[in-house]
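Worksheet for the structure shown next.
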Amino acid sequence: MTAAARYRGQPVSEGIGLGEIYQADAHRGAAQGRQGQPTEDDIRDAFAAVAGDRAALADRLRARGQHEQAGIVEIGALIAADPALVKPALEAVRAGADAATAVLEAAAAQAALLAALPDPDLAQRAGDVRQVATAVADYLSGRGAPPPPPGRFILVRREVDPADLIRLAEDGLAGAVSVGGGASSHAAIIARGLGVPMLAGADPAVLAAAAGYSAILDTGAGELVVDPAAAELEAARAASTAAKIPASRTPAEIRTADGEPVTLLCNVASAAETRLGLSGGAAGVGLLRTEIPFTGASGWPSQADHLAQLTPILALLAGRPAVVRLLDFSGDKIPPFLDRQARDGLEALLGAPGALRDQLSAILQAGRGSRLAVLVPMVRSLDEVTAVRAVLAKAAAAAGARPPELGIMVEVAATAAAAADFASEVDFFSIGTNDLSSEVLGLDRADPGTRPGLAADPRVLDLIERVVQAARHAGISVSVCGDAAADPDVLPLLIGLGVRTLSVGAARVPHVAHQIAATDTKSAATQAAGRIGR
């Protein structure tokens with residue numbers, strides 16, 4: 001190559017990655033070239049092997065406490081075992097089609113149906129179906145993807161599979177580039193959890209980038225640079241090093257530049273993330289997502305199921321804040337047993353009182369040593385709060401414990417606007433900026449245009465200010481647990497509006513701590529007032 005080649009994409013996990021280009025789809029042509037060799041039994045075996053491989057990986061992840069990653073990988077196992085994908089491929093082979101082509105075309109047809117669904121989160125599963133089909137076709141070819149290069153590398157695929165990221169994370173993965181997918185894809189979620197820089201929706205020409213060349217993945221610039229000049233490579237290496245703030249440098253007590261104390265917590269779904277967040281300086285957990293391990297469940301989790309998932313996490317939080325969110329089976333987190341029901345999310349949980357009781361009982365038991373609080377997602381009415389509080393009181397009485405604080409996620413615009421009405425009925429607010437911003441601005445969360453920085457819109461800030469003021473007048477606490485809490489442009493505005501508790505992704509804790517320390521509250525308040533137009 002005589003000059004650096006540059007490929008654009010949508011940043012979905014921030015950072016700068018340096019390494020060799022790893023084209024994991026390099027053998028795709030060979031997979032499709034075996035005309036008619038595999039039998040129907042071979043095809044069934046290939047689907048079963050892919051399903052078993054993903055199920056085994058999910059088990060290993062869960063055993064290591066990586067429950068969120070396990071839940072996502074498990075979805076691939078369910079897809080690979082789904083007759084709706086296997087049967088059309090077998091029928092096409094009986095009609096004379098090449099096996100790998102039949103698998104890929106059956107997946108394309110099913111993916112098209114999913115992509116056309118009105119629910120954007122369910123539509124995102126189209127990518128999962130294509131990823132499974134690619135793995136099955138690779139299995140049939142007997143070759144699969146080439147091994148990664150030694151040392152640090154940047155993964156490039158037409159559709160990056162979440163399992164790719166998890167498997168390669170400890171083998172030198174420095175970044176990932178996917179032609180398909182977006183910020184809400186499962187691969188993007190995993191990348192952010194691992195702290196791996198990633199671009200999605202990339203220029204398809206990137207699939208022709210020469211493997212083995214050094215490259216820079218700069219999500220700030222939204223581009224992959226292949227075969228950069230030595231000076232550009234050295235500058236990127238310096239920028240990458242400067243961005244990595246050691247956890248040991250995070251102050252024990254986090255204050256703004258003018259001395260205002262700020263509580264910094266982390267968002268987690270696994271023991272591994274909890275350890276990462278605490279080591280980075282988090283005071284505790286401000287959002288524990290409980291539904292991730294159960295997205296493949298065939299029924300409501302039992303008390304024992306919840307205990308198995310919660311105990312390894314809450315055991316790390318003795319004496320620390322632990323805000324546990326109730327099951328939020330909504331969007332792309334709807335398990336199979338709720339797929340065909342009219343209700344999901346909080347409505348479905350309240351409609352299954354035994355399920356709510358079992359979860360609350362497990363939370364109380366597993367969280368005895370922590371400063372426990374319970375968080376209710378997607379609240380729209382005071383009746384929902386009353387219903388949860390009644391079940392919580394009964395569960396606490398049965399356990400011989402005091403009921404923990406009960407708070408609500410403020411992520412619905414109408415709830416934010418009516419914050420004063422809710423403030424007298426709850427113990428704290430936790431603002432979810434992702435859904436709140438999407439609703440206020442009329443965007444789907446899967447829209448490529450969605451990003452944490454949208455919370456800086458005056459309409460969103462106005463609602464956040466209402467919530468903060470309502471909490472102050474009622475004498476209750478308020479935090480922000482959405483992604484905007486870690487956004488460098490939004491964070492000062494939140495502090496300026498009076499937010500003093502933030503909960504961010506575990507990998508972001510040290511960075512956010514240092515930005516807080518550089519923020520002057522008076523200047524931030526002036527900036528926020530100017531943005532809103534006060």
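The chains in the structure tokens are called A, B, ... from first to last as shown; in each chain the residues are counted from 1, and the ligands are counted from 1 in the order shown.
Residues within 10 Å of Ala48 of chain A, counting only C-alpha atoms and excluding same-chain residues fewer than 6 positions away, are Asp42, Arg54, Ala77, Ala80, Ala81, Val86 and Val136 of chain A.
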Write the residues of the selection above to a file with C-alpha atoms, as a PDB file, in the first residue's frame.
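Output file part19.pdb follows:
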ATOM      1  CA  ASP A  42     -24.268 -32.593   8.128  1.00  0.00           C
ATOM      2  CA  ARG A  54     -22.559 -20.841  22.089  1.00  0.00           C
ATOM      3  CA  ALA A  77     -27.575 -20.641  20.880  1.00  0.00           C
ATOM      4  CA  ALA A  80     -29.089 -21.875  16.047  1.00  0.00           C
ATOM      5  CA  ALA A  81     -31.553 -24.403  17.525  1.00  0.00           C
ATOM      6  CA  VAL A  86     -32.997 -24.960  10.258  1.00  0.00           C
ATOM      7  CA  VAL A 136     -22.971 -22.567  10.457  1.00  0.00           C
TER       8      VAL A 136
END
Extract the full set of strand (DSSP E) residues from segment 27-228 of chain A according to DSSP on the backbone, and format it as a PyMOL selection string. chain A and resi 153-157+173-178+198-200+214-218+223-226
Keeping only N, CA and C atoms, write the selected residues to a file as a PDB file, in the first residue's frame.
ATOM      1  N   PHE A 153      -4.645  -6.799  17.601  1.00  0.00           N
ATOM      2  CA  PHE A 153      -5.270  -6.801  16.273  1.00  0.00           C
ATOM      3  C   PHE A 153      -6.646  -6.125  16.332  1.00  0.00           C
ATOM      4  N   ILE A 154      -7.114  -5.719  15.158  1.00  0.00           N
ATOM      5  CA  ILE A 154      -8.426  -5.088  15.011  1.00  0.00           C
ATOM      6  C   ILE A 154      -9.300  -6.009  14.166  1.00  0.00           C
ATOM      7  N   LEU A 155     -10.374  -6.499  14.747  1.00  0.00           N
ATOM      8  CA  LEU A 155     -11.278  -7.433  14.082  1.00  0.00           C
ATOM      9  C   LEU A 155     -12.146  -6.699  13.066  1.00  0.00           C
ATOM     10  N   VAL A 156     -12.225  -7.244  11.855  1.00  0.00           N
ATOM     11  CA  VAL A 156     -13.086  -6.691  10.797  1.00  0.00           C
ATOM     12  C   VAL A 156     -13.988  -7.798  10.295  1.00  0.00           C
ATOM     13  N   ARG A 157     -15.304  -7.567  10.322  1.00  0.00           N
ATOM     14  CA  ARG A 157     -16.265  -8.550   9.818  1.00  0.00           C
ATOM     15  C   ARG A 157     -17.457  -7.832   9.199  1.00  0.00           C
ATOM     16  N   LEU A 173      -7.381  -8.582  21.250  1.00  0.00           N
ATOM     17  CA  LEU A 173      -8.367  -7.749  20.564  1.00  0.00           C
ATOM     18  C   LEU A 173      -8.192  -6.282  20.967  1.00  0.00           C
ATOM     19  N   ALA A 174      -7.885  -5.432  19.981  1.00  0.00           N
ATOM     20  CA  ALA A 174      -7.676  -4.005  20.251  1.00  0.00           C
ATOM     21  C   ALA A 174      -8.826  -3.154  19.759  1.00  0.00           C
ATOM     22  N   GLY A 175      -9.714  -3.718  18.940  1.00  0.00           N
ATOM     23  CA  GLY A 175     -10.844  -2.971  18.396  1.00  0.00           C
ATOM     24  C   GLY A 175     -11.620  -3.841  17.438  1.00  0.00           C
ATOM     25  N   ALA A 176     -12.779  -3.352  17.006  1.00  0.00           N
ATOM     26  CA  ALA A 176     -13.623  -4.119  16.094  1.00  0.00           C
ATOM     27  C   ALA A 176     -14.334  -3.179  15.135  1.00  0.00           C
ATOM     28  N   VAL A 177     -14.521  -3.659  13.902  1.00  0.00           N
ATOM     29  CA  VAL A 177     -15.222  -2.897  12.868  1.00  0.00           C
ATOM     30  C   VAL A 177     -16.234  -3.820  12.220  1.00  0.00           C
ATOM     31  N   SER A 178     -17.502  -3.387  12.204  1.00  0.00           N
ATOM     32  CA  SER A 178     -18.583  -4.191  11.633  1.00  0.00           C
ATOM     33  C   SER A 178     -19.302  -3.388  10.560  1.00  0.00           C
ATOM     34  N   MET A 198     -15.088   0.310  18.993  1.00  0.00           N
ATOM     35  CA  MET A 198     -15.793  -0.370  17.905  1.00  0.00           C
ATOM     36  C   MET A 198     -16.523   0.631  17.019  1.00  0.00           C
ATOM     37  N   LEU A 199     -16.493   0.347  15.713  1.00  0.00           N
ATOM     38  CA  LEU A 199     -17.302   1.049  14.729  1.00  0.00           C
ATOM     39  C   LEU A 199     -18.308   0.068  14.155  1.00  0.00           C
ATOM     40  N   ALA A 200     -19.535   0.513  13.921  1.00  0.00           N
ATOM     41  CA  ALA A 200     -20.559  -0.282  13.235  1.00  0.00           C
ATOM     42  C   ALA A 200     -21.038   0.518  12.024  1.00  0.00           C
ATOM     43  N   SER A 214      -0.712  -2.750   9.755  1.00  0.00           N
ATOM     44  CA  SER A 214      -1.004  -2.030  10.990  1.00  0.00           C
ATOM     45  C   SER A 214      -2.142  -1.052  10.735  1.00  0.00           C
ATOM     46  N   ALA A 215      -2.898  -0.752  11.787  1.00  0.00           N
ATOM     47  CA  ALA A 215      -4.066   0.103  11.620  1.00  0.00           C
ATOM     48  C   ALA A 215      -4.359   0.862  12.905  1.00  0.00           C
ATOM     49  N   ILE A 216      -5.106   1.948  12.763  1.00  0.00           N
ATOM     50  CA  ILE A 216      -5.576   2.757  13.885  1.00  0.00           C
ATOM     51  C   ILE A 216      -7.096   2.783  13.825  1.00  0.00           C
ATOM     52  N   LEU A 217      -7.740   2.382  14.899  1.00  0.00           N
ATOM     53  CA  LEU A 217      -9.195   2.516  15.014  1.00  0.00           C
ATOM     54  C   LEU A 217      -9.448   3.671  15.976  1.00  0.00           C
ATOM     55  N   ASP A 218      -9.911   4.789  15.440  1.00  0.00           N
ATOM     56  CA  ASP A 218     -10.147   6.000  16.234  1.00  0.00           C
ATOM     57  C   ASP A 218     -11.638   6.298  16.216  1.00  0.00           C
ATOM     58  N   GLU A 223     -13.286   6.544  12.332  1.00  0.00           N
ATOM     59  CA  GLU A 223     -12.642   5.931  11.168  1.00  0.00           C
ATOM     60  C   GLU A 223     -11.597   4.896  11.551  1.00  0.00           C
ATOM     61  N   LEU A 224     -11.371   3.984  10.601  1.00  0.00           N
ATOM     62  CA  LEU A 224     -10.291   3.008  10.663  1.00  0.00           C
ATOM     63  C   LEU A 224      -9.250   3.440   9.642  1.00  0.00           C
ATOM     64  N   VAL A 225      -8.020   3.597  10.090  1.00  0.00           N
ATOM     65  CA  VAL A 225      -6.932   3.997   9.193  1.00  0.00           C
ATOM     66  C   VAL A 225      -6.001   2.806   9.023  1.00  0.00           C
ATOM     67  N   VAL A 226      -5.876   2.297   7.794  1.00  0.00           N
ATOM     68  CA  VAL A 226      -5.042   1.127   7.515  1.00  0.00           C
ATOM     69  C   VAL A 226      -3.735   1.569   6.883  1.00  0.00           C
TER      70      VAL A 226
END
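Among the candidates A:Gly220, A:Ala116, A:Glu68, A:Leu494, the residue lying nearest to Thr274 of chain A is A:Glu68 (atoms considered: only C-alpha atoms).
Atom CA of Val504 of chain A lies 22.4 Å from atom CA of Pro404 of chain A.
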Measuring between only C-alpha atoms, which one of A:Gly286, A:Gln469, A:Trp300, A:Thr526 shows the shortest distance to Cys481 of chain A? A:Gly286
Looking only at the backbone, which of the residues in segment 251-482 of chain A does DSSP tag as alpha helix (DSSP H), as number ranges by chain? A: 271-279, 303-314, 345-350, 353-366, 382-399, 413-417, 419-423, 433-441, 458-474
Hey, what's within 12 Å of segment 363-369 of chain A if we count only C-alpha atoms and toss same-chain stuff fewer than 3 positions away? As number ranges by chain, please? A: 285, 288, 290, 302-327, 356-360, 372-375, 392-405
Using only C-alpha atoms for the distances, tell me which of A:Ser438, A:Arg130, A:Leu85, A:Ala209 is nearest to Ile21 of chain A. A:Ala209
Residues near Pro83 of chain A, cut-off 12 Å, only C-alpha atoms, skip fewer than 2 positions along chain, as number ranges by chain: A: 44, 47-48, 78-81, 85-91, 106-107, 110
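Between atom CA of Ala456 of chain A and atom CA of Ala236 of chain A lies a distance of 28.7 Å.
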Write out as a PDB file with N, CA and C atoms, in the first residue's frame which residues come within 12 Å of segment 406-408 of chain A when counting only C-alpha atoms, dropping same-chain ones fewer than 6 positions away.
ATOM      1  N   GLY A 286     -24.886   1.826  41.171  1.00  0.00           N
ATOM      2  CA  GLY A 286     -26.068   2.667  41.056  1.00  0.00           C
ATOM      3  C   GLY A 286     -27.125   2.083  40.158  1.00  0.00           C
ATOM      4  N   LEU A 287     -26.785   1.018  39.433  1.00  0.00           N
ATOM      5  CA  LEU A 287     -27.759   0.333  38.573  1.00  0.00           C
ATOM      6  C   LEU A 287     -27.288  -1.094  38.356  1.00  0.00           C
ATOM      7  N   ALA A 322     -26.002  -0.354  46.778  1.00  0.00           N
ATOM      8  CA  ALA A 322     -26.330  -1.391  45.793  1.00  0.00           C
ATOM      9  C   ALA A 322     -27.773  -1.154  45.346  1.00  0.00           C
ATOM     10  N   VAL A 323     -27.939  -0.493  44.215  1.00  0.00           N
ATOM     11  CA  VAL A 323     -29.268  -0.178  43.681  1.00  0.00           C
ATOM     12  C   VAL A 323     -29.631  -1.263  42.669  1.00  0.00           C
ATOM     13  N   VAL A 324     -30.586  -2.106  43.042  1.00  0.00           N
ATOM     14  CA  VAL A 324     -30.955  -3.261  42.220  1.00  0.00           C
ATOM     15  C   VAL A 324     -32.236  -2.955  41.459  1.00  0.00           C
ATOM     16  N   ARG A 325     -32.148  -2.974  40.128  1.00  0.00           N
ATOM     17  CA  ARG A 325     -33.340  -2.705  39.320  1.00  0.00           C
ATOM     18  C   ARG A 325     -34.144  -3.984  39.139  1.00  0.00           C
ATOM     19  N   LEU A 326     -35.447  -3.875  39.229  1.00  0.00           N
ATOM     20  CA  LEU A 326     -36.322  -5.017  38.987  1.00  0.00           C
ATOM     21  C   LEU A 326     -36.231  -5.438  37.522  1.00  0.00           C
ATOM     22  N   LEU A 346     -42.506  -3.672  32.993  1.00  0.00           N
ATOM     23  CA  LEU A 346     -43.072  -3.565  34.334  1.00  0.00           C
ATOM     24  C   LEU A 346     -44.505  -4.081  34.376  1.00  0.00           C
ATOM     25  N   LEU A 360     -37.986  -9.925  44.747  1.00  0.00           N
ATOM     26  CA  LEU A 360     -37.751  -9.064  45.901  1.00  0.00           C
ATOM     27  C   LEU A 360     -37.205  -9.863  47.091  1.00  0.00           C
ATOM     28  N   LEU A 372     -28.697  -1.464  50.539  1.00  0.00           N
ATOM     29  CA  LEU A 372     -29.581  -1.923  49.465  1.00  0.00           C
ATOM     30  C   LEU A 372     -30.675  -0.906  49.135  1.00  0.00           C
ATOM     31  N   ALA A 373     -31.002  -0.814  47.851  1.00  0.00           N
ATOM     32  CA  ALA A 373     -32.144  -0.042  47.377  1.00  0.00           C
ATOM     33  C   ALA A 373     -32.726  -0.770  46.183  1.00  0.00           C
ATOM     34  N   VAL A 374     -34.025  -0.628  45.976  1.00  0.00           N
ATOM     35  CA  VAL A 374     -34.722  -1.287  44.868  1.00  0.00           C
ATOM     36  C   VAL A 374     -35.203  -0.221  43.896  1.00  0.00           C
ATOM     37  N   LEU A 375     -34.974  -0.471  42.618  1.00  0.00           N
ATOM     38  CA  LEU A 375     -35.289   0.493  41.564  1.00  0.00           C
ATOM     39  C   LEU A 375     -36.337  -0.097  40.618  1.00  0.00           C
ATOM     40  N   VAL A 376     -37.398   0.662  40.352  1.00  0.00           N
ATOM     41  CA  VAL A 376     -38.484   0.202  39.486  1.00  0.00           C
ATOM     42  C   VAL A 376     -38.322   0.849  38.109  1.00  0.00           C
ATOM     43  N   PRO A 377     -38.243   0.048  37.034  1.00  0.00           N
ATOM     44  CA  PRO A 377     -38.002   0.605  35.696  1.00  0.00           C
ATOM     45  C   PRO A 377     -39.285   1.092  35.016  1.00  0.00           C
ATOM     46  N   MET A 378     -39.130   2.032  34.106  1.00  0.00           N
ATOM     47  CA  MET A 378     -40.186   2.480  33.196  1.00  0.00           C
ATOM     48  C   MET A 378     -41.520   2.768  33.896  1.00  0.00           C
ATOM     49  N   VAL A 379     -41.452   3.496  34.995  1.00  0.00           N
ATOM     50  CA  VAL A 379     -42.674   3.820  35.743  1.00  0.00           C
ATOM     51  C   VAL A 379     -43.475   4.888  35.004  1.00  0.00           C
ATOM     52  N   ARG A 380     -44.783   4.654  34.933  1.00  0.00           N
ATOM     53  CA  ARG A 380     -45.682   5.602  34.283  1.00  0.00           C
ATOM     54  C   ARG A 380     -46.789   6.109  35.203  1.00  0.00           C
ATOM     55  N   SER A 381     -47.043   5.407  36.314  1.00  0.00           N
ATOM     56  CA  SER A 381     -48.140   5.809  37.190  1.00  0.00           C
ATOM     57  C   SER A 381     -47.802   5.566  38.650  1.00  0.00           C
ATOM     58  N   LEU A 382     -48.460   6.316  39.535  1.00  0.00           N
ATOM     59  CA  LEU A 382     -48.284   6.131  40.971  1.00  0.00           C
ATOM     60  C   LEU A 382     -48.813   4.776  41.420  1.00  0.00           C
ATOM     61  N   GLU A 384     -48.407   1.982  39.984  1.00  0.00           N
ATOM     62  CA  GLU A 384     -47.334   0.997  39.828  1.00  0.00           C
ATOM     63  C   GLU A 384     -46.388   1.033  41.027  1.00  0.00           C
ATOM     64  N   VAL A 385     -46.080   2.235  41.489  1.00  0.00           N
ATOM     65  CA  VAL A 385     -45.213   2.372  42.662  1.00  0.00           C
ATOM     66  C   VAL A 385     -45.882   1.759  43.893  1.00  0.00           C
ATOM     67  N   THR A 386     -47.171   2.052  44.061  1.00  0.00           N
ATOM     68  CA  THR A 386     -47.911   1.526  45.209  1.00  0.00           C
ATOM     69  C   THR A 386     -47.924  -0.002  45.205  1.00  0.00           C
ATOM     70  N   ALA A 387     -48.124  -0.580  44.016  1.00  0.00           N
ATOM     71  CA  ALA A 387     -48.180  -2.040  43.896  1.00  0.00           C
ATOM     72  C   ALA A 387     -46.839  -2.672  44.275  1.00  0.00           C
ATOM     73  N   VAL A 388     -45.728  -2.103  43.798  1.00  0.00           N
ATOM     74  CA  VAL A 388     -44.418  -2.659  44.123  1.00  0.00           C
ATOM     75  C   VAL A 388     -44.118  -2.489  45.609  1.00  0.00           C
ATOM     76  N   ARG A 389     -44.457  -1.327  46.159  1.00  0.00           N
ATOM     77  CA  ARG A 389     -44.160  -1.096  47.579  1.00  0.00           C
ATOM     78  C   ARG A 389     -44.903  -2.091  48.473  1.00  0.00           C
ATOM     79  N   ALA A 390     -46.132  -2.449  48.098  1.00  0.00           N
ATOM     80  CA  ALA A 390     -46.903  -3.401  48.902  1.00  0.00           C
ATOM     81  C   ALA A 390     -46.246  -4.773  48.905  1.00  0.00           C
ATOM     82  N   VAL A 391     -45.796  -5.236  47.739  1.00  0.00           N
ATOM     83  CA  VAL A 391     -45.133  -6.546  47.661  1.00  0.00           C
ATOM     84  C   VAL A 391     -43.795  -6.500  48.389  1.00  0.00           C
ATOM     85  N   LEU A 392     -43.085  -5.376  48.291  1.00  0.00           N
ATOM     86  CA  LEU A 392     -41.801  -5.235  48.975  1.00  0.00           C
ATOM     87  C   LEU A 392     -41.992  -5.292  50.488  1.00  0.00           C
ATOM     88  N   ALA A 393     -43.032  -4.646  50.996  1.00  0.00           N
ATOM     89  CA  ALA A 393     -43.283  -4.661  52.441  1.00  0.00           C
ATOM     90  C   ALA A 393     -43.550  -6.080  52.932  1.00  0.00           C
ATOM     91  N   THR A 415     -43.546  11.067  33.067  1.00  0.00           N
ATOM     92  CA  THR A 415     -43.141  10.858  34.458  1.00  0.00           C
ATOM     93  C   THR A 415     -42.192  11.964  34.902  1.00  0.00           C
ATOM     94  N   ALA A 416     -41.261  12.351  34.030  1.00  0.00           N
ATOM     95  CA  ALA A 416     -40.344  13.438  34.365  1.00  0.00           C
ATOM     96  C   ALA A 416     -41.106  14.744  34.575  1.00  0.00           C
ATOM     97  N   ALA A 419     -42.752  14.873  37.980  1.00  0.00           N
ATOM     98  CA  ALA A 419     -41.843  14.418  39.033  1.00  0.00           C
ATOM     99  C   ALA A 419     -42.291  14.860  40.419  1.00  0.00           C
ATOM    100  N   PHE A 422     -44.619  12.344  41.897  1.00  0.00           N
ATOM    101  CA  PHE A 422     -43.981  11.083  42.266  1.00  0.00           C
ATOM    102  C   PHE A 422     -43.067  11.237  43.486  1.00  0.00           C
ATOM    103  N   ALA A 423     -42.509  12.438  43.669  1.00  0.00           N
ATOM    104  CA  ALA A 423     -41.486  12.631  44.690  1.00  0.00           C
ATOM    105  C   ALA A 423     -41.970  12.307  46.095  1.00  0.00           C
ATOM    106  N   SER A 424     -43.250  12.531  46.356  1.00  0.00           N
ATOM    107  CA  SER A 424     -43.774  12.264  47.700  1.00  0.00           C
ATOM    108  C   SER A 424     -44.048  10.781  47.934  1.00  0.00           C
ATOM    109  N   GLU A 425     -43.959   9.964  46.883  1.00  0.00           N
ATOM    110  CA  GLU A 425     -44.303   8.546  46.982  1.00  0.00           C
ATOM    111  C   GLU A 425     -43.106   7.617  46.856  1.00  0.00           C
ATOM    112  N   VAL A 426     -41.923   8.175  46.587  1.00  0.00           N
ATOM    113  CA  VAL A 426     -40.733   7.342  46.403  1.00  0.00           C
ATOM    114  C   VAL A 426     -39.605   7.861  47.278  1.00  0.00           C
ATOM    115  N   ASP A 427     -38.548   7.055  47.390  1.00  0.00           N
ATOM    116  CA  ASP A 427     -37.402   7.430  48.223  1.00  0.00           C
ATOM    117  C   ASP A 427     -36.260   8.041  47.421  1.00  0.00           C
ATOM    118  N   PHE A 428     -36.255   7.812  46.117  1.00  0.00           N
ATOM    119  CA  PHE A 428     -35.219   8.420  45.272  1.00  0.00           C
ATOM    120  C   PHE A 428     -35.619   8.311  43.810  1.00  0.00           C
ATOM    121  N   PHE A 429     -34.994   9.162  43.000  1.00  0.00           N
ATOM    122  CA  PHE A 429     -35.147   9.126  41.550  1.00  0.00           C
ATOM    123  C   PHE A 429     -33.825   8.690  40.922  1.00  0.00           C
ATOM    124  N   SER A 430     -33.905   7.953  39.825  1.00  0.00           N
ATOM    125  CA  SER A 430     -32.741   7.631  39.008  1.00  0.00           C
ATOM    126  C   SER A 430     -33.121   7.924  37.562  1.00  0.00           C
ATOM    127  N   ILE A 431     -32.459   8.889  36.959  1.00  0.00           N
ATOM    128  CA  ILE A 431     -32.840   9.350  35.624  1.00  0.00           C
ATOM    129  C   ILE A 431     -32.142   8.512  34.558  1.00  0.00           C
ATOM    130  N   GLY A 432     -32.942   7.886  33.698  1.00  0.00           N
ATOM    131  CA  GLY A 432     -32.412   7.116  32.577  1.00  0.00           C
ATOM    132  C   GLY A 432     -32.417   7.971  31.322  1.00  0.00           C
ATOM    133  N   VAL A 467     -36.938  17.237  37.433  1.00  0.00           N
ATOM    134  CA  VAL A 467     -36.782  16.085  38.321  1.00  0.00           C
ATOM    135  C   VAL A 467     -35.867  16.437  39.493  1.00  0.00           C
ATOM    136  N   ALA A 471     -36.995  16.543  43.439  1.00  0.00           N
ATOM    137  CA  ALA A 471     -36.299  15.748  44.452  1.00  0.00           C
ATOM    138  C   ALA A 471     -35.801  16.628  45.591  1.00  0.00           C
ATOM    139  N   ILE A 476     -35.522  14.104  48.765  1.00  0.00           N
ATOM    140  CA  ILE A 476     -35.076  12.770  48.361  1.00  0.00           C
ATOM    141  C   ILE A 476     -33.879  12.910  47.429  1.00  0.00           C
ATOM    142  N   SER A 477     -33.155  11.818  47.234  1.00  0.00           N
ATOM    143  CA  SER A 477     -31.965  11.857  46.384  1.00  0.00           C
ATOM    144  C   SER A 477     -32.322  11.639  44.923  1.00  0.00           C
ATOM    145  N   VAL A 478     -31.422  12.076  44.047  1.00  0.00           N
ATOM    146  CA  VAL A 478     -31.611  11.892  42.608  1.00  0.00           C
ATOM    147  C   VAL A 478     -30.252  11.590  41.984  1.00  0.00           C
ATOM    148  N   SER A 479     -30.240  10.634  41.074  1.00  0.00           N
ATOM    149  CA  SER A 479     -29.013  10.298  40.351  1.00  0.00           C
ATOM    150  C   SER A 479     -29.323  10.226  38.870  1.00  0.00           C
ATOM    151  N   VAL A 480     -28.278  10.214  38.073  1.00  0.00           N
ATOM    152  CA  VAL A 480     -28.405   9.956  36.634  1.00  0.00           C
ATOM    153  C   VAL A 480     -27.631   8.680  36.351  1.00  0.00           C
ATOM    154  N   CYS A 481     -28.314   7.670  35.785  1.00  0.00           N
ATOM    155  CA  CYS A 481     -27.647   6.398  35.495  1.00  0.00           C
ATOM    156  C   CYS A 481     -27.593   6.102  34.006  1.00  0.00           C
TER     157      CYS A 481
END
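Residue nearest Tyr7 of chain A within the list A:Ser298, A:Thr219, A:Thr39, A:Ser437: A:Thr219 [criterion: smallest interatomic distance, only C-alpha atoms].
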Could you give me, as a compact mmCIF listing (two decimals) with C-alpha atoms, in the first residue's frame, the residues within 10 Å of segment 180-182 of chain A, counting only C-alpha atoms and dropping anything in the same chain fewer than 4 positions from it?
# COMPACT_ATOMS: atom_id res chain seq x y z
CA GLY A 9 -18.18 4.05 10.47
CA GLN A 10 -20.50 4.86 13.36
CA PRO A 11 -18.74 4.88 16.76
CA VAL A 12 -20.60 2.54 19.13
CA GLN A 124 -31.86 -5.66 15.80
CA ARG A 125 -32.00 -9.47 16.15
CA ALA A 126 -31.77 -9.73 12.36
CA GLY A 127 -28.03 -9.31 12.81
CA ASP A 128 -27.93 -12.14 15.34
CA ARG A 130 -27.05 -13.58 10.11
CA ARG A 157 -16.26 -8.55 9.82
CA ARG A 158 -19.39 -8.01 7.78
CA GLU A 159 -21.32 -8.65 11.00
CA VAL A 160 -19.31 -8.80 14.21
CA ASP A 161 -20.67 -11.51 16.49
CA HIS A 186 -25.59 -6.92 21.02
CA ALA A 187 -22.02 -6.69 19.74
CA ALA A 188 -21.94 -2.98 20.56
CA ILE A 189 -23.22 -3.66 24.08
CA LEU A 199 -17.30 1.05 14.73
CA ALA A 200 -20.56 -0.28 13.24
CA GLY A 201 -22.32 0.54 9.97
CA ALA A 202 -18.86 0.79 8.38
CA ASP A 203 -18.10 1.32 4.71
CA PRO A 204 -18.37 -2.17 3.08
CA ALA A 446 -31.93 1.74 17.52
CA ASP A 447 -31.73 4.86 15.33
CA PRO A 448 -28.13 5.42 14.16
CA GLY A 449 -28.53 9.04 15.24
CA THR A 450 -29.05 8.20 18.91
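Note that the spacing between atom CA of Pro488 of chain A and atom CA of Gln515 of chain A amounts to 7.5 Å.
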Name the closest residue to Tyr213 of chain A among the candidates A:Ala485, A:Ala4, A:Ala348, A:Val468; distances are taken between atoms, counting only C-alpha atoms. A:Ala4
